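Here is the structure we will look at.
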Amino acid sequence: MKVLRIKLRQSQASFAKEETTTNRMTYPLPPYSTVIGALHATCGYETYHPMDLSIQGKFGSMQREMYVGHAFLNSTQDDRNLLVYLKDPNYLSAGLSLVGQGLKTQGNSFLKNQTVRIDNEALYQHYLDLNKKKKALEEEKKALKVHVDSLKAHEKALKEKQKKVDKKSQAFEDLKKEIKDTQLIYKTLNKDFKDREIREYKEPYSHFRTLVKAPKYQEVLYDLDLVIHIRAQEETLKDIQKNINNLVCLGRSEDFIDLVDIGMVDLVPLKKTTGLLNNYKIYVNLDRINQNSLEGMDKEEGPVDRAYCPPEDEAAEEDKPFFYKEGNQKRQAKGTVYYVNKDYRIEGGKRVFNRIPCLYTSAIGADEESEGVYMDSEGYLTDFN
């Protein structure tokens, strides 16, 4: 079986766990989804091309670094932080323009142009005009409420009058029609005002947001070596090889890669007990690890699609291809369990990731009796997910 193998190095990288915020923790190796996304961007794919990956490697050290984090407030504030204009208010990452910035920690006012710096005069004037429109609409709303209340009072009086006449009389039908006409008038007035309020104020004002800056921390890996095996259709593998020079980073945009080697390799079954090379660590699917329990294992748990359950029958464990290798001895599995993203489906307009429970470990091995386990010509073990 032929697969594509990529060897690369990174002087630094961070593969943030989505459930961490103030201190953004990193995965020790890139998740499958990170590599798949990078390869799709490299090839210019706009639709998903199925592929399975085996990821292994090591890093020299890890440190926690401080960075300036940006976040949007749920409401637009007049007296603080950065006033920005969003190109599309429904997508916070679709591009923005800086309108102005508050210069003090308190006492600023964009509306009064007080201790603020204006960076875009045209957008700032648009912001002021919308706030004037808001006040004008509020006055209109008060006047409209008085008018609508009078119509509702008239409707109530008609209903009281209707109770006193014969239901089969023409007078009853006339009152019924007048009640419906009165309801139609105030409902139309309310709807017309709400439509105009959205069109003239709420929709254009939704483009203005308050952006805040705050110090945050993130874990960063240094001196990272990676070996990635890719199993996919032949045409997909050719596309990756052809466009590999478009792959400039992995993880963050500043995490540049140094491509060491790329090429097709043959995978062959094992002929003896084999472990990982170069003190590497690897993601191995928990379903393929021979272990009697999860005792002694650390768990890095996040939202999961399914949880790993230890087998009830030890005999069934003997059929699992991978085992914990310590020298020439087979031991109980040890390592850290990560729920690693691979691909996703769209539900309710949101991405729902397929999370694969994997053991991250260096002391893993397989032998000639391990079904479905292969190594390449240089002796790198693989576990595709």
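Convention: chains lettered A, B, ... in structure tokens order; per-chain residue numbering from 1; ligands numbered from 1 as shown.
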- Spatial neighbours of stretch 63-80 of chain A, max dist 8 Å, only C-alpha atoms, sep filter under 2 positions, as a ChimeraX atom specification: /A:61,82-83,101-102,104-111,208-221
Quick one: residues within 12 Å of A:Gln12, only C-alpha atoms, excluding same-chain residues fewer than 6 positions away - as a PDB file with N, CA, C and O atoms, in the first residue's frame?
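Now in part25.pdb:
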```pdb
ATOM      1  N   THR A  26      -2.249  23.967  24.419  1.00  0.00           N
ATOM      2  CA  THR A  26      -1.995  23.425  23.092  1.00  0.00           C
ATOM      3  C   THR A  26      -1.981  21.899  23.114  1.00  0.00           C
ATOM      4  O   THR A  26      -1.612  21.286  24.121  1.00  0.00           O
ATOM      5  N   PRO A  28      -0.135  18.508  21.977  1.00  0.00           N
ATOM      6  CA  PRO A  28       1.307  18.262  21.785  1.00  0.00           C
ATOM      7  C   PRO A  28       1.681  17.957  20.337  1.00  0.00           C
ATOM      8  O   PRO A  28       2.839  18.098  19.947  1.00  0.00           O
ATOM      9  N   LEU A  29       0.717  17.519  19.557  1.00  0.00           N
ATOM     10  CA  LEU A  29       0.874  17.314  18.119  1.00  0.00           C
ATOM     11  C   LEU A  29      -0.325  17.970  17.436  1.00  0.00           C
ATOM     12  O   LEU A  29      -1.386  18.123  18.059  1.00  0.00           O
ATOM     13  N   LYS A  58       7.777  15.047  17.823  1.00  0.00           N
ATOM     14  CA  LYS A  58       8.217  15.455  19.159  1.00  0.00           C
ATOM     15  C   LYS A  58       8.525  16.945  19.143  1.00  0.00           C
ATOM     16  O   LYS A  58       8.712  17.555  18.077  1.00  0.00           O
ATOM     17  N   PHE A  59       8.580  17.531  20.345  1.00  0.00           N
ATOM     18  CA  PHE A  59       8.972  18.928  20.467  1.00  0.00           C
ATOM     19  C   PHE A  59      10.067  19.046  21.526  1.00  0.00           C
ATOM     20  O   PHE A  59      10.203  18.199  22.419  1.00  0.00           O
ATOM     21  N   GLY A  60      10.853  20.141  21.404  1.00  0.00           N
ATOM     22  CA  GLY A  60      11.967  20.318  22.324  1.00  0.00           C
ATOM     23  C   GLY A  60      11.554  20.857  23.670  1.00  0.00           C
ATOM     24  O   GLY A  60      12.003  20.382  24.716  1.00  0.00           O
ATOM     25  N   SER A  61      10.670  21.853  23.677  1.00  0.00           N
ATOM     26  CA  SER A  61      10.230  22.460  24.937  1.00  0.00           C
ATOM     27  C   SER A  61       8.894  23.147  24.716  1.00  0.00           C
ATOM     28  O   SER A  61       8.445  23.325  23.582  1.00  0.00           O
ATOM     29  N   MET A  62       8.274  23.532  25.819  1.00  0.00           N
ATOM     30  CA  MET A  62       6.994  24.248  25.752  1.00  0.00           C
ATOM     31  C   MET A  62       7.021  25.375  26.777  1.00  0.00           C
ATOM     32  O   MET A  62       7.462  25.189  27.910  1.00  0.00           O
ATOM     33  N   GLN A  63       6.556  26.551  26.395  1.00  0.00           N
ATOM     34  CA  GLN A  63       6.477  27.694  27.306  1.00  0.00           C
ATOM     35  C   GLN A  63       5.115  28.355  27.182  1.00  0.00           C
ATOM     36  O   GLN A  63       4.428  28.203  26.171  1.00  0.00           O
ATOM     37  N   GLU A  65       3.307  31.853  26.817  1.00  0.00           N
ATOM     38  CA  GLU A  65       3.592  33.219  26.385  1.00  0.00           C
ATOM     39  C   GLU A  65       2.359  34.102  26.543  1.00  0.00           C
ATOM     40  O   GLU A  65       1.227  33.633  26.442  1.00  0.00           O
ATOM     41  N   GLU A 219       0.043  28.462  25.321  1.00  0.00           N
ATOM     42  CA  GLU A 219       1.180  27.555  25.338  1.00  0.00           C
ATOM     43  C   GLU A 219       1.760  27.449  23.928  1.00  0.00           C
ATOM     44  O   GLU A 219       1.012  27.340  22.955  1.00  0.00           O
ATOM     45  N   VAL A 220       3.078  27.475  23.843  1.00  0.00           N
ATOM     46  CA  VAL A 220       3.756  27.418  22.550  1.00  0.00           C
ATOM     47  C   VAL A 220       4.801  26.309  22.589  1.00  0.00           C
ATOM     48  O   VAL A 220       5.585  26.212  23.540  1.00  0.00           O
ATOM     49  N   LEU A 221       4.800  25.458  21.568  1.00  0.00           N
ATOM     50  CA  LEU A 221       5.791  24.398  21.426  1.00  0.00           C
ATOM     51  C   LEU A 221       6.981  24.933  20.626  1.00  0.00           C
ATOM     52  O   LEU A 221       6.803  25.709  19.681  1.00  0.00           O
ATOM     53  N   TYR A 222       8.187  24.487  20.987  1.00  0.00           N
ATOM     54  CA  TYR A 222       9.394  24.900  20.269  1.00  0.00           C
ATOM     55  C   TYR A 222      10.125  23.685  19.720  1.00  0.00           C
ATOM     56  O   TYR A 222      10.092  22.601  20.307  1.00  0.00           O
ATOM     57  N   ASP A 223      10.802  23.888  18.582  1.00  0.00           N
ATOM     58  CA  ASP A 223      11.612  22.846  17.941  1.00  0.00           C
ATOM     59  C   ASP A 223      10.789  21.583  17.711  1.00  0.00           C
ATOM     60  O   ASP A 223      11.094  20.506  18.224  1.00  0.00           O
ATOM     61  N   LEU A 224       9.757  21.731  16.904  1.00  0.00           N
ATOM     62  CA  LEU A 224       8.822  20.640  16.646  1.00  0.00           C
ATOM     63  C   LEU A 224       9.218  19.881  15.384  1.00  0.00           C
ATOM     64  O   LEU A 224       9.464  20.480  14.334  1.00  0.00           O
ATOM     65  N   ASP A 225       9.334  18.549  15.503  1.00  0.00           N
ATOM     66  CA  ASP A 225       9.534  17.658  14.359  1.00  0.00           C
ATOM     67  C   ASP A 225       8.257  16.866  14.137  1.00  0.00           C
ATOM     68  O   ASP A 225       7.683  16.334  15.094  1.00  0.00           O
ATOM     69  N   CYS A 249       2.543  27.295   6.668  1.00  0.00           N
ATOM     70  CA  CYS A 249       2.406  27.302   8.119  1.00  0.00           C
ATOM     71  C   CYS A 249       1.454  26.188   8.536  1.00  0.00           C
ATOM     72  O   CYS A 249       0.675  25.679   7.730  1.00  0.00           O
ATOM     73  N   LEU A 250       1.529  25.850   9.812  1.00  0.00           N
ATOM     74  CA  LEU A 250       0.647  24.832  10.375  1.00  0.00           C
ATOM     75  C   LEU A 250       0.308  25.248  11.788  1.00  0.00           C
ATOM     76  O   LEU A 250       1.188  25.390  12.635  1.00  0.00           O
ATOM     77  N   GLY A 251      -0.987  25.473  12.046  1.00  0.00           N
ATOM     78  CA  GLY A 251      -1.419  26.008  13.336  1.00  0.00           C
ATOM     79  C   GLY A 251      -1.775  27.464  13.151  1.00  0.00           C
ATOM     80  O   GLY A 251      -2.673  27.817  12.385  1.00  0.00           O
ATOM     81  N   ARG A 252      -1.023  28.340  13.813  1.00  0.00           N
ATOM     82  CA  ARG A 252      -1.226  29.781  13.649  1.00  0.00           C
ATOM     83  C   ARG A 252      -0.565  30.261  12.356  1.00  0.00           C
ATOM     84  O   ARG A 252       0.310  29.594  11.809  1.00  0.00           O
ATOM     85  N   SER A 253      -0.968  31.431  11.901  1.00  0.00           N
ATOM     86  CA  SER A 253      -0.410  31.956  10.647  1.00  0.00           C
ATOM     87  C   SER A 253       1.079  32.256  10.764  1.00  0.00           C
ATOM     88  O   SER A 253       1.792  32.278   9.756  1.00  0.00           O
ATOM     89  N   GLU A 254       1.566  32.503  11.986  1.00  0.00           N
ATOM     90  CA  GLU A 254       2.989  32.797  12.173  1.00  0.00           C
ATOM     91  C   GLU A 254       3.833  31.546  12.431  1.00  0.00           C
ATOM     92  O   GLU A 254       5.052  31.639  12.592  1.00  0.00           O
ATOM     93  N   ASP A 255       3.198  30.378  12.469  1.00  0.00           N
ATOM     94  CA  ASP A 255       3.914  29.135  12.743  1.00  0.00           C
ATOM     95  C   ASP A 255       4.405  28.515  11.423  1.00  0.00           C
ATOM     96  O   ASP A 255       3.839  27.551  10.902  1.00  0.00           O
ATOM     97  N   PHE A 256       5.474  29.081  10.885  1.00  0.00           N
ATOM     98  CA  PHE A 256       5.986  28.658   9.578  1.00  0.00           C
ATOM     99  C   PHE A 256       6.607  27.270   9.658  1.00  0.00           C
ATOM    100  O   PHE A 256       7.112  26.849  10.699  1.00  0.00           O
ATOM    101  N   ILE A 257       6.566  26.578   8.520  1.00  0.00           N
ATOM    102  CA  ILE A 257       7.128  25.232   8.464  1.00  0.00           C
ATOM    103  C   ILE A 257       8.399  25.215   7.638  1.00  0.00           C
ATOM    104  O   ILE A 257       8.609  26.068   6.771  1.00  0.00           O
ATOM    105  N   ASP A 258       9.241  24.251   7.923  1.00  0.00           N
ATOM    106  CA  ASP A 258      10.417  23.947   7.105  1.00  0.00           C
ATOM    107  C   ASP A 258      10.196  22.544   6.558  1.00  0.00           C
ATOM    108  O   ASP A 258      10.238  21.563   7.307  1.00  0.00           O
TER     109      ASP A 258
END
```
- Can you list, as a PyMOL selection string, all residues belonging to stretch 46-147 of chain A that DSSP tags as strand (DSSP E or B)? chain A and resi 51-58+61-72+82-86+96-102+109+114+116-118
- Of the candidates A:Gly57, A:Tyr374, A:Asp181, A:Lys142, which shows the shortest atom-to-atom distance to A:Ile6, using only C-alpha atoms?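 With only C-alpha atoms as the atom set, the closest residue is A:Gly57.
Of the residues listed (A:Thr274, A:Asn245, A:Asn290, A:Asn279), A:Asn279 shows the shortest atom-to-atom separation from A:Thr361; distances use only C-alpha atoms.
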- Message: Could you list, as a list in words, every residue within 12 Å of A:Leu175, counting only C-alpha atoms and ignoring same-chain residues fewer than 4 positions away?
- Response: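 Returned residues: His154, Glu155, Lys156, Ala157, Leu158, Lys159, Glu160, Lys161, Gln162, Lys163, Lys164, Val165, Asp166, Lys167, Lys168, Ser169, Gln170, Ala171, Ile179, Lys180, Asp181 and Thr182 of chain A.
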Output of the above residues as a PDB file, in the first residue's frame, restricted to N, CA and C atoms:
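The resulting file, part17.pdb, is reproduced below:
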```
ATOM      1  N   HIS A 154     -60.438  52.599  21.585  1.00  0.00           N
ATOM      2  CA  HIS A 154     -61.617  52.632  20.720  1.00  0.00           C
ATOM      3  C   HIS A 154     -62.092  51.215  20.404  1.00  0.00           C
ATOM      4  N   GLU A 155     -61.143  50.309  20.156  1.00  0.00           N
ATOM      5  CA  GLU A 155     -61.479  48.903  19.900  1.00  0.00           C
ATOM      6  C   GLU A 155     -62.194  48.292  21.103  1.00  0.00           C
ATOM      7  N   LYS A 156     -61.692  48.594  22.286  1.00  0.00           N
ATOM      8  CA  LYS A 156     -62.306  48.056  23.497  1.00  0.00           C
ATOM      9  C   LYS A 156     -63.732  48.571  23.662  1.00  0.00           C
ATOM     10  N   ALA A 157     -63.922  49.873  23.360  1.00  0.00           N
ATOM     11  CA  ALA A 157     -65.263  50.451  23.471  1.00  0.00           C
ATOM     12  C   ALA A 157     -66.226  49.810  22.470  1.00  0.00           C
ATOM     13  N   LEU A 158     -65.729  49.538  21.259  1.00  0.00           N
ATOM     14  CA  LEU A 158     -66.562  48.879  20.252  1.00  0.00           C
ATOM     15  C   LEU A 158     -66.960  47.472  20.696  1.00  0.00           C
ATOM     16  N   LYS A 159     -66.031  46.765  21.319  1.00  0.00           N
ATOM     17  CA  LYS A 159     -66.335  45.416  21.796  1.00  0.00           C
ATOM     18  C   LYS A 159     -67.380  45.442  22.913  1.00  0.00           C
ATOM     19  N   GLU A 160     -67.285  46.444  23.776  1.00  0.00           N
ATOM     20  CA  GLU A 160     -68.290  46.579  24.831  1.00  0.00           C
ATOM     21  C   GLU A 160     -69.661  46.879  24.230  1.00  0.00           C
ATOM     22  N   LYS A 161     -69.669  47.717  23.210  1.00  0.00           N
ATOM     23  CA  LYS A 161     -70.915  48.075  22.537  1.00  0.00           C
ATOM     24  C   LYS A 161     -71.494  46.864  21.807  1.00  0.00           C
ATOM     25  N   GLN A 162     -70.594  46.057  21.242  1.00  0.00           N
ATOM     26  CA  GLN A 162     -71.016  44.881  20.483  1.00  0.00           C
ATOM     27  C   GLN A 162     -71.736  43.874  21.373  1.00  0.00           C
ATOM     28  N   LYS A 163     -71.337  43.825  22.638  1.00  0.00           N
ATOM     29  CA  LYS A 163     -71.952  42.878  23.576  1.00  0.00           C
ATOM     30  C   LYS A 163     -73.436  43.179  23.816  1.00  0.00           C
ATOM     31  N   LYS A 164     -73.826  44.421  23.554  1.00  0.00           N
ATOM     32  CA  LYS A 164     -75.184  44.856  23.884  1.00  0.00           C
ATOM     33  C   LYS A 164     -76.155  44.755  22.721  1.00  0.00           C
ATOM     34  N   VAL A 165     -75.663  44.311  21.570  1.00  0.00           N
ATOM     35  CA  VAL A 165     -76.554  44.206  20.409  1.00  0.00           C
ATOM     36  C   VAL A 165     -76.724  42.749  20.030  1.00  0.00           C
ATOM     37  N   ASP A 166     -77.777  42.503  19.270  1.00  0.00           N
ATOM     38  CA  ASP A 166     -78.097  41.141  18.827  1.00  0.00           C
ATOM     39  C   ASP A 166     -77.028  40.657  17.844  1.00  0.00           C
ATOM     40  N   LYS A 167     -76.496  39.431  18.087  1.00  0.00           N
ATOM     41  CA  LYS A 167     -75.438  38.871  17.247  1.00  0.00           C
ATOM     42  C   LYS A 167     -75.894  38.637  15.809  1.00  0.00           C
ATOM     43  N   LYS A 168     -77.218  38.570  15.615  1.00  0.00           N
ATOM     44  CA  LYS A 168     -77.722  38.320  14.270  1.00  0.00           C
ATOM     45  C   LYS A 168     -78.105  39.610  13.547  1.00  0.00           C
ATOM     46  N   SER A 169     -77.883  40.723  14.219  1.00  0.00           N
ATOM     47  CA  SER A 169     -78.300  42.002  13.633  1.00  0.00           C
ATOM     48  C   SER A 169     -77.217  42.578  12.729  1.00  0.00           C
ATOM     49  N   GLN A 170     -77.633  43.549  11.885  1.00  0.00           N
ATOM     50  CA  GLN A 170     -76.680  44.218  11.000  1.00  0.00           C
ATOM     51  C   GLN A 170     -75.727  45.085  11.802  1.00  0.00           C
ATOM     52  N   ALA A 171     -76.241  45.645  12.919  1.00  0.00           N
ATOM     53  CA  ALA A 171     -75.404  46.488  13.780  1.00  0.00           C
ATOM     54  C   ALA A 171     -74.212  45.697  14.326  1.00  0.00           C
ATOM     55  N   ILE A 179     -64.262  46.850  14.233  1.00  0.00           N
ATOM     56  CA  ILE A 179     -63.234  46.334  15.152  1.00  0.00           C
ATOM     57  C   ILE A 179     -62.043  45.797  14.352  1.00  0.00           C
ATOM     58  N   LYS A 180     -62.338  45.008  13.304  1.00  0.00           N
ATOM     59  CA  LYS A 180     -61.263  44.457  12.480  1.00  0.00           C
ATOM     60  C   LYS A 180     -60.475  45.558  11.784  1.00  0.00           C
ATOM     61  N   ASP A 181     -61.206  46.591  11.300  1.00  0.00           N
ATOM     62  CA  ASP A 181     -60.518  47.700  10.632  1.00  0.00           C
ATOM     63  C   ASP A 181     -59.614  48.445  11.604  1.00  0.00           C
ATOM     64  N   THR A 182     -60.086  48.620  12.843  1.00  0.00           N
ATOM     65  CA  THR A 182     -59.288  49.307  13.867  1.00  0.00           C
ATOM     66  C   THR A 182     -58.031  48.503  14.205  1.00  0.00           C
TER      67      THR A 182
END
```
